Amino acid sequence: MRAKPKMAIMISGTGSNMEAIISSCRNGSLDAEPVIVISDNPSAPGVKKAASRGIATFSAPYGKGVPREENEAPIIDAIRRADADWIVLAGYMKILTPSFVRAFPGRIVNIHPALLPSFPGAHAIADALEANADITGVTIHMVDELVDHGPIIAQEEVAIMPGDTEDSLGARIHAVEHRLYPRALQELFHEDV
Ligand code: GRF
């Protein structure tokens, strides 16, 4: 691994985790370089934020009825052209195919707003509230061919308070994510140093 690993960050929405990662690179606490931000949604607010921070962006909207592998092909090309060492999923809402995962073995990381294996899927915060759980949290994990699955790198608990809503709990989860993700990436990228 080169001294300053290159990251492709994949997003679909706000991009607040992406921003936390970029800020950590800029302040030196994460020794890595964001070389490209990829989105399946060209109008995702995170795409604008990345561009305004001077990072190359690539939008790849998925065609309806098009096989997922075909939709992913330009993304794989963009990652290879950017020469990225790592693929950092930060709110990327499409499920990656096994062939995408196999194209970058052991090189894809994801963040999930729950303590996996509890509450996998796209509605983890709502699901934890619905289940009347006392505790949920944040998981950072390597991506394997199953959804929200793979070796766990870091987890942190977040208590669910009486009266919590998706917004109030989501805000506390995001605050943990923004601190935990850059730190976990730093350890992952430089664990052999
Ligand atoms: C985060 O809660 C992350 O755990 C999940 O998607 C959300 C993305 O939020 N995978 P943001 O776009 O980084 O604000």
# chains A, B, ... in the order shown; residues from 1 in each chain; ligands from 1
call {"tool": "residues_around", "arguments": {"residues": "His141 in chain A", "least_positions_apart": "4", "cutoff": "9 Å", "atoms": "only C-alpha atoms", "output": "PyMOL selection string"}}
result
chain A and resi 108-112+148-155
call {"tool": "write_last_selection", "arguments": {"atoms": "all heavy atoms", "output": "compact mmCIF listing (two decimals), in the first residue's frame"}}
result
# COMPACT_ATOMS: atom_id res chain seq x y z
N ILE A 108 -13.37 -2.60 -0.03
CA ILE A 108 -14.60 -1.79 0.06
C ILE A 108 -15.03 -1.72 1.52
O ILE A 108 -15.12 -2.75 2.20
CB ILE A 108 -15.73 -2.39 -0.80
CG1 ILE A 108 -15.23 -2.72 -2.22
CG2 ILE A 108 -16.92 -1.43 -0.85
CD1 ILE A 108 -16.27 -3.41 -3.10
N VAL A 109 -15.30 -0.50 1.99
CA VAL A 109 -15.69 -0.27 3.38
C VAL A 109 -17.06 0.41 3.38
O VAL A 109 -17.35 1.23 2.50
CB VAL A 109 -14.67 0.67 4.08
CG1 VAL A 109 -14.87 0.65 5.59
CG2 VAL A 109 -13.25 0.33 3.72
N ASN A 110 -17.88 0.09 4.40
CA ASN A 110 -19.21 0.70 4.50
C ASN A 110 -19.46 1.18 5.92
O ASN A 110 -18.88 0.66 6.87
CB ASN A 110 -20.27 -0.33 4.11
CG ASN A 110 -21.67 0.25 4.07
OD1 ASN A 110 -21.88 1.38 3.60
ND2 ASN A 110 -22.65 -0.49 4.57
N ILE A 111 -20.34 2.17 6.04
CA ILE A 111 -20.83 2.60 7.35
C ILE A 111 -22.33 2.35 7.40
O ILE A 111 -23.04 2.60 6.42
CB ILE A 111 -20.47 4.08 7.63
CG1 ILE A 111 -20.87 4.45 9.07
CG2 ILE A 111 -21.12 5.02 6.62
CD1 ILE A 111 -20.22 5.74 9.55
N HIS A 112 -22.78 1.84 8.56
CA HIS A 112 -24.20 1.52 8.71
C HIS A 112 -24.70 2.09 10.03
O HIS A 112 -24.05 1.92 11.06
CB HIS A 112 -24.39 -0.01 8.66
CG HIS A 112 -25.82 -0.41 8.72
ND1 HIS A 112 -26.66 -0.30 7.63
CD2 HIS A 112 -26.58 -0.87 9.74
CE1 HIS A 112 -27.87 -0.70 7.98
NE2 HIS A 112 -27.85 -1.04 9.26
N ASP A 148 -25.07 -5.34 3.92
CA ASP A 148 -24.76 -4.89 5.29
C ASP A 148 -24.09 -6.01 6.07
O ASP A 148 -24.45 -6.32 7.22
CB ASP A 148 -26.02 -4.38 6.00
CG ASP A 148 -26.53 -3.09 5.38
OD1 ASP A 148 -25.71 -2.33 4.83
OD2 ASP A 148 -27.75 -2.85 5.42
N HIS A 149 -23.08 -6.58 5.47
CA HIS A 149 -22.44 -7.78 6.01
C HIS A 149 -20.95 -7.74 5.67
O HIS A 149 -20.56 -7.19 4.65
CB HIS A 149 -23.09 -9.01 5.38
CG HIS A 149 -22.74 -10.29 6.05
ND1 HIS A 149 -21.66 -11.05 5.65
CD2 HIS A 149 -23.30 -10.94 7.09
CE1 HIS A 149 -21.59 -12.12 6.43
NE2 HIS A 149 -22.58 -12.07 7.30
N GLY A 150 -20.17 -8.35 6.55
CA GLY A 150 -18.72 -8.43 6.31
C GLY A 150 -18.01 -8.13 7.61
O GLY A 150 -18.62 -7.65 8.58
N PRO A 151 -16.69 -8.40 7.67
CA PRO A 151 -15.93 -8.22 8.91
C PRO A 151 -16.08 -6.81 9.48
O PRO A 151 -15.93 -5.82 8.77
CB PRO A 151 -14.48 -8.49 8.47
CG PRO A 151 -14.61 -9.36 7.27
CD PRO A 151 -15.87 -8.95 6.58
N ILE A 152 -16.37 -6.74 10.78
CA ILE A 152 -16.59 -5.45 11.44
C ILE A 152 -15.25 -4.83 11.84
O ILE A 152 -14.38 -5.49 12.42
CB ILE A 152 -17.53 -5.64 12.64
CG1 ILE A 152 -18.94 -5.96 12.11
CG2 ILE A 152 -17.56 -4.39 13.53
CD1 ILE A 152 -19.96 -6.33 13.16
N ILE A 153 -15.10 -3.55 11.52
CA ILE A 153 -13.87 -2.82 11.84
C ILE A 153 -14.05 -2.01 13.11
O ILE A 153 -13.14 -1.89 13.93
CB ILE A 153 -13.51 -1.86 10.69
CG1 ILE A 153 -13.31 -2.63 9.39
CG2 ILE A 153 -12.28 -1.03 11.01
CD1 ILE A 153 -13.28 -1.71 8.20
N ALA A 154 -15.22 -1.40 13.27
CA ALA A 154 -15.46 -0.54 14.43
C ALA A 154 -16.97 -0.47 14.69
O ALA A 154 -17.76 -0.51 13.75
CB ALA A 154 -14.92 0.86 14.19
N GLN A 155 -17.31 -0.39 15.97
CA GLN A 155 -18.71 -0.16 16.35
C GLN A 155 -18.76 0.77 17.54
O GLN A 155 -17.84 0.75 18.37
CB GLN A 155 -19.39 -1.49 16.76
CG GLN A 155 -19.82 -2.33 15.58
CD GLN A 155 -20.63 -3.54 15.96
OE1 GLN A 155 -20.27 -4.26 16.88
NE2 GLN A 155 -21.73 -3.78 15.25
call {"tool": "residues_near_ligand", "arguments": {"ligand": "ligand 1", "cutoff": "9 Å", "atoms": "only C-alpha atoms and all ligand atoms", "output": "count of residues only"}}
result
34
call {"tool": "residues_around", "arguments": {"residues": "Asn71 in chain A", "least_positions_apart": "6", "cutoff": "8 Å", "atoms": "only C-alpha atoms", "output": "PyMOL selection string"}}
result
chain A and resi 60-63
call {"tool": "write_last_selection", "arguments": {"atoms": "all heavy atoms", "output": "compact mmCIF listing (two decimals), in the first residue's frame"}}
result
# COMPACT_ATOMS: atom_id res chain seq x y z
N ALA A 60 -23.33 8.44 -11.99
CA ALA A 60 -23.70 7.28 -12.79
C ALA A 60 -25.12 6.87 -12.43
O ALA A 60 -25.32 5.92 -11.67
CB ALA A 60 -22.72 6.14 -12.53
N PRO A 61 -26.13 7.61 -12.97
CA PRO A 61 -27.51 7.20 -12.67
C PRO A 61 -27.79 5.82 -13.25
O PRO A 61 -27.35 5.52 -14.37
CB PRO A 61 -28.36 8.28 -13.35
CG PRO A 61 -27.44 9.08 -14.19
CD PRO A 61 -26.03 8.78 -13.83
N TYR A 62 -28.49 4.98 -12.49
CA TYR A 62 -28.80 3.63 -12.95
C TYR A 62 -30.00 3.67 -13.89
O TYR A 62 -31.02 4.27 -13.58
CB TYR A 62 -29.14 2.73 -11.76
CG TYR A 62 -27.96 2.30 -10.90
CD1 TYR A 62 -26.86 3.12 -10.70
CD2 TYR A 62 -27.95 1.05 -10.29
CE1 TYR A 62 -25.80 2.72 -9.91
CE2 TYR A 62 -26.89 0.64 -9.49
CZ TYR A 62 -25.81 1.48 -9.30
OH TYR A 62 -24.77 1.08 -8.52
N GLY A 63 -29.87 3.03 -15.03
CA GLY A 63 -30.99 2.94 -15.97
C GLY A 63 -32.01 1.92 -15.48
O GLY A 63 -31.64 0.88 -14.96
call {"tool": "closest_residue", "arguments": {"among": "A:Ser118, A:Thr57, A:Ser168, A:Thr136", "to": "Ile36 in chain A", "atoms": "only C-alpha atoms"}}
result
A:Thr57
call {"tool": "residues_around", "arguments": {"residues": "range 99-102 of chain A", "least_positions_apart": "4", "cutoff": "9 Å", "atoms": "only C-alpha atoms", "output": "PyMOL selection string"}}
result
chain A and resi 69+72-73+76+106-108+143-145
call {"tool": "write_last_selection", "arguments": {"atoms": "N, CA, C and O atoms", "output": "mmCIF file, in the first residue's frame"}}
result
data_model
loop_
_atom_site.group_PDB
_atom_site.id
_atom_site.type_symbol
_atom_site.label_atom_id
_atom_site.label_comp_id
_atom_site.auth_asym_id
_atom_site.auth_seq_id
_atom_site.Cartn_x
_atom_site.Cartn_y
_atom_site.Cartn_z
ATOM 1 N N GLU A 69 -25.137 -5.027 -13.150
ATOM 2 C CA GLU A 69 -23.727 -5.089 -13.565
ATOM 3 C C GLU A 69 -23.431 -4.047 -14.644
ATOM 4 O O GLU A 69 -22.354 -3.448 -14.659
ATOM 5 N N GLU A 72 -23.160 -0.707 -13.142
ATOM 6 C CA GLU A 72 -21.933 -0.543 -12.349
ATOM 7 C C GLU A 72 -20.679 -0.422 -13.218
ATOM 8 O O GLU A 72 -19.646 0.056 -12.730
ATOM 9 N N ALA A 73 -20.775 -0.859 -14.481
ATOM 10 C CA ALA A 73 -19.555 -0.899 -15.318
ATOM 11 C C ALA A 73 -18.856 0.462 -15.405
ATOM 12 O O ALA A 73 -17.629 0.545 -15.215
ATOM 13 N N ILE A 76 -17.019 1.165 -12.132
ATOM 14 C CA ILE A 76 -15.765 0.404 -11.997
ATOM 15 C C ILE A 76 -14.671 1.076 -12.831
ATOM 16 O O ILE A 76 -13.538 1.256 -12.367
ATOM 17 N N GLY A 106 -11.559 -7.097 -0.674
ATOM 18 C CA GLY A 106 -10.990 -6.567 0.576
ATOM 19 C C GLY A 106 -10.703 -5.088 0.539
ATOM 20 O O GLY A 106 -9.907 -4.586 1.343
ATOM 21 N N ARG A 107 -11.342 -4.368 -0.379
ATOM 22 C CA ARG A 107 -11.007 -2.947 -0.556
ATOM 23 C C ARG A 107 -12.234 -2.038 -0.454
ATOM 24 O O ARG A 107 -12.153 -0.856 -0.789
ATOM 25 N N ILE A 108 -13.367 -2.595 -0.031
ATOM 26 C CA ILE A 108 -14.596 -1.788 0.060
ATOM 27 C C ILE A 108 -15.034 -1.721 1.523
ATOM 28 O O ILE A 108 -15.121 -2.751 2.204
ATOM 29 N N VAL A 143 -16.945 -4.746 3.187
ATOM 30 C CA VAL A 143 -18.105 -5.184 2.406
ATOM 31 C C VAL A 143 -17.815 -6.542 1.776
ATOM 32 O O VAL A 143 -16.796 -6.706 1.091
ATOM 33 N N ASP A 144 -18.719 -7.502 2.048
ATOM 34 C CA ASP A 144 -18.626 -8.762 1.308
ATOM 35 C C ASP A 144 -19.839 -8.868 0.378
ATOM 36 O O ASP A 144 -20.495 -7.861 0.111
ATOM 37 N N GLU A 145 -20.127 -10.064 -0.094
ATOM 38 C CA GLU A 145 -21.151 -10.164 -1.141
ATOM 39 C C GLU A 145 -22.575 -10.149 -0.593
ATOM 40 O O GLU A 145 -23.527 -10.160 -1.360
#
call {"tool": "select_by_dssp", "arguments": {"residues": "range 46-185 of chain A", "states": "helix (DSSP H, G or I)", "output": "PyMOL selection string"}}
result
chain A and resi 46-52+68-81+98-103+124-130+166-185
call {"tool": "residues_around", "arguments": {"residues": "Asp127 in chain A", "least_positions_apart": "6", "cutoff": "10 Å", "atoms": "only C-alpha atoms", "output": "PyMOL selection string"}}
result
chain A and resi 114+118-121+133+166
call {"tool": "residues_around", "arguments": {"residues": "Ser24 in chain A", "least_positions_apart": "4", "cutoff": "10 Å", "atoms": "only C-alpha atoms", "output": "ChimeraX atom specification"}}
result
/A:18-20,28-33,178-179,181-183,186
call {"tool": "decode", "arguments": {"residues": "range 1-154 of chain A", "atoms": "C-alpha atoms", "output": "tab-separated table (two decimals), in the first residue's frame"}}
result
chain	number	residue	atom	x	y	z
A	1	MET	CA	0.00	0.00	0.00
A	2	ARG	CA	1.30	3.42	-0.92
A	3	ALA	CA	2.00	5.95	1.85
A	4	LYS	CA	-1.09	8.04	1.11
A	5	PRO	CA	-3.86	5.70	0.00
A	6	LYS	CA	-6.33	7.00	-2.57
A	7	MET	CA	-10.05	6.77	-1.85
A	8	ALA	CA	-13.09	6.68	-4.10
A	9	ILE	CA	-16.02	7.81	-1.94
A	10	MET	CA	-19.49	6.66	-3.03
A	11	ILE	CA	-22.60	8.60	-1.95
A	12	SER	CA	-26.27	8.98	-2.82
A	13	GLY	CA	-27.42	11.88	-0.68
A	14	THR	CA	-26.32	14.55	1.77
A	15	GLY	CA	-22.73	13.49	1.99
A	16	SER	CA	-22.12	14.55	5.58
A	17	ASN	CA	-19.91	11.51	6.20
A	18	MET	CA	-18.06	12.27	2.99
A	19	GLU	CA	-17.47	15.81	4.28
A	20	ALA	CA	-16.18	14.51	7.60
A	21	ILE	CA	-13.76	12.23	5.74
A	22	ILE	CA	-12.57	15.02	3.44
A	23	SER	CA	-12.08	17.36	6.43
A	24	SER	CA	-10.04	14.71	8.23
A	25	CYS	CA	-7.81	14.34	5.18
A	26	ARG	CA	-7.34	18.09	5.01
A	27	ASN	CA	-6.53	18.47	8.71
A	28	GLY	CA	-4.11	15.53	8.59
A	29	SER	CA	-5.90	13.19	11.00
A	30	LEU	CA	-6.69	10.82	8.11
A	31	ASP	CA	-3.66	10.11	6.00
A	32	ALA	CA	-5.44	9.47	2.70
A	33	GLU	CA	-6.50	11.30	-0.44
A	34	PRO	CA	-10.08	11.49	-1.72
A	35	VAL	CA	-9.51	11.21	-5.50
A	36	ILE	CA	-13.08	10.87	-6.70
A	37	VAL	CA	-16.64	11.09	-5.37
A	38	ILE	CA	-19.10	8.83	-7.18
A	39	SER	CA	-22.88	9.08	-6.99
A	40	ASP	CA	-25.79	7.21	-8.53
A	41	ASN	CA	-27.73	10.47	-8.10
A	42	PRO	CA	-26.37	13.46	-10.07
A	43	SER	CA	-28.43	15.90	-7.99
A	44	ALA	CA	-27.29	14.56	-4.61
A	45	PRO	CA	-26.26	17.54	-2.45
A	46	GLY	CA	-23.03	15.68	-1.65
A	47	VAL	CA	-21.93	15.88	-5.30
A	48	LYS	CA	-21.98	19.69	-5.20
A	49	LYS	CA	-20.19	19.72	-1.86
A	50	ALA	CA	-17.43	17.47	-3.24
A	51	ALA	CA	-17.01	19.64	-6.34
A	52	SER	CA	-16.84	22.80	-4.24
A	53	ARG	CA	-14.02	21.19	-2.29
A	54	GLY	CA	-12.15	20.59	-5.54
A	55	ILE	CA	-12.68	16.84	-5.73
A	56	ALA	CA	-13.47	15.12	-9.03
A	57	THR	CA	-17.01	13.81	-9.21
A	58	PHE	CA	-18.60	11.12	-11.33
A	59	SER	CA	-22.35	10.59	-11.58
A	60	ALA	CA	-23.70	7.28	-12.79
A	61	PRO	CA	-27.51	7.20	-12.67
A	62	TYR	CA	-28.80	3.63	-12.95
A	63	GLY	CA	-30.99	2.94	-15.97
A	64	LYS	CA	-34.37	1.34	-15.25
A	65	GLY	CA	-34.52	-2.28	-16.36
A	66	VAL	CA	-30.78	-2.30	-17.01
A	67	PRO	CA	-28.91	-5.16	-15.30
A	68	ARG	CA	-27.07	-3.87	-12.23
A	69	GLU	CA	-23.73	-5.09	-13.56
A	70	GLU	CA	-24.20	-2.84	-16.60
A	71	ASN	CA	-25.05	0.12	-14.40
A	72	GLU	CA	-21.93	-0.54	-12.35
A	73	ALA	CA	-19.55	-0.90	-15.32
A	74	PRO	CA	-18.89	2.87	-15.73
A	75	ILE	CA	-18.39	3.14	-11.96
A	76	ILE	CA	-15.76	0.40	-12.00
A	77	ASP	CA	-14.06	2.21	-14.90
A	78	ALA	CA	-14.11	5.53	-13.02
A	79	ILE	CA	-12.60	3.95	-9.90
A	80	ARG	CA	-9.85	2.33	-11.97
A	81	ARG	CA	-9.15	5.54	-13.91
A	82	ALA	CA	-8.88	7.43	-10.61
A	83	ASP	CA	-6.41	4.77	-9.45
A	84	ALA	CA	-8.21	4.43	-6.11
A	85	ASP	CA	-6.89	1.94	-3.58
A	86	TRP	CA	-10.03	1.93	-1.42
A	87	ILE	CA	-13.74	2.34	-2.02
A	88	VAL	CA	-15.46	4.10	0.86
A	89	LEU	CA	-19.25	3.81	0.89
A	90	ALA	CA	-20.78	6.79	2.69
A	91	GLY	CA	-24.54	6.60	2.28
A	92	TYR	CA	-24.48	4.83	-1.09
A	93	MET	CA	-28.03	3.50	-1.37
A	94	LYS	CA	-27.63	0.98	-4.19
A	95	ILE	CA	-26.74	-2.62	-3.39
A	96	LEU	CA	-23.48	-3.56	-5.06
A	97	THR	CA	-23.42	-6.79	-7.07
A	98	PRO	CA	-21.15	-9.69	-6.14
A	99	SER	CA	-19.15	-9.01	-9.32
A	100	PHE	CA	-18.52	-5.40	-8.20
A	101	VAL	CA	-17.38	-6.65	-4.79
A	102	ARG	CA	-15.13	-9.24	-6.43
A	103	ALA	CA	-13.56	-6.53	-8.62
A	104	PHE	CA	-12.13	-4.90	-5.47
A	105	PRO	CA	-11.51	-7.74	-3.02
A	106	GLY	CA	-10.99	-6.57	0.58
A	107	ARG	CA	-11.01	-2.95	-0.56
A	108	ILE	CA	-14.60	-1.79	0.06
A	109	VAL	CA	-15.69	-0.27	3.38
A	110	ASN	CA	-19.21	0.70	4.50
A	111	ILE	CA	-20.83	2.60	7.35
A	112	HIS	CA	-24.20	1.52	8.71
A	113	PRO	CA	-26.37	3.39	11.23
A	114	ALA	CA	-27.00	0.45	13.60
A	115	LEU	CA	-25.07	-2.19	15.50
A	116	LEU	CA	-24.87	-4.93	12.85
A	117	PRO	CA	-26.02	-7.66	12.68
A	118	SER	CA	-29.01	-5.82	14.23
A	119	PHE	CA	-31.14	-3.68	11.91
A	120	PRO	CA	-29.56	-4.21	8.48
A	121	GLY	CA	-31.18	-2.53	5.48
A	122	ALA	CA	-32.09	0.96	4.35
A	123	HIS	CA	-34.26	1.94	7.36
A	124	ALA	CA	-32.01	1.03	10.26
A	125	ILE	CA	-32.82	4.05	12.44
A	126	ALA	CA	-36.60	3.72	12.00
A	127	ASP	CA	-36.35	-0.03	12.55
A	128	ALA	CA	-34.48	0.41	15.86
A	129	LEU	CA	-37.16	2.85	17.08
A	130	GLU	CA	-39.93	0.58	15.89
A	131	ALA	CA	-38.40	-2.34	17.79
A	132	ASN	CA	-38.30	-0.26	21.01
A	133	ALA	CA	-34.60	-0.99	21.33
A	134	ASP	CA	-32.70	0.71	24.17
A	135	ILE	CA	-29.47	0.86	22.26
A	136	THR	CA	-28.47	1.15	18.64
A	137	GLY	CA	-25.29	2.59	17.16
A	138	VAL	CA	-22.90	2.73	14.25
A	139	THR	CA	-20.98	-0.03	12.47
A	140	ILE	CA	-18.07	0.28	10.08
A	141	HIS	CA	-17.36	-2.92	8.19
A	142	MET	CA	-15.65	-4.44	5.20
A	143	VAL	CA	-18.11	-5.18	2.41
A	144	ASP	CA	-18.63	-8.76	1.31
A	145	GLU	CA	-21.15	-10.16	-1.14
A	146	LEU	CA	-24.07	-10.01	1.33
A	147	VAL	CA	-25.98	-6.82	2.20
A	148	ASP	CA	-24.76	-4.89	5.29
A	149	HIS	CA	-22.44	-7.78	6.01
A	150	GLY	CA	-18.72	-8.43	6.31
A	151	PRO	CA	-15.93	-8.22	8.91
A	152	ILE	CA	-16.59	-5.45	11.44
A	153	ILE	CA	-13.87	-2.82	11.84
A	154	ALA	CA	-15.46	-0.54	14.43
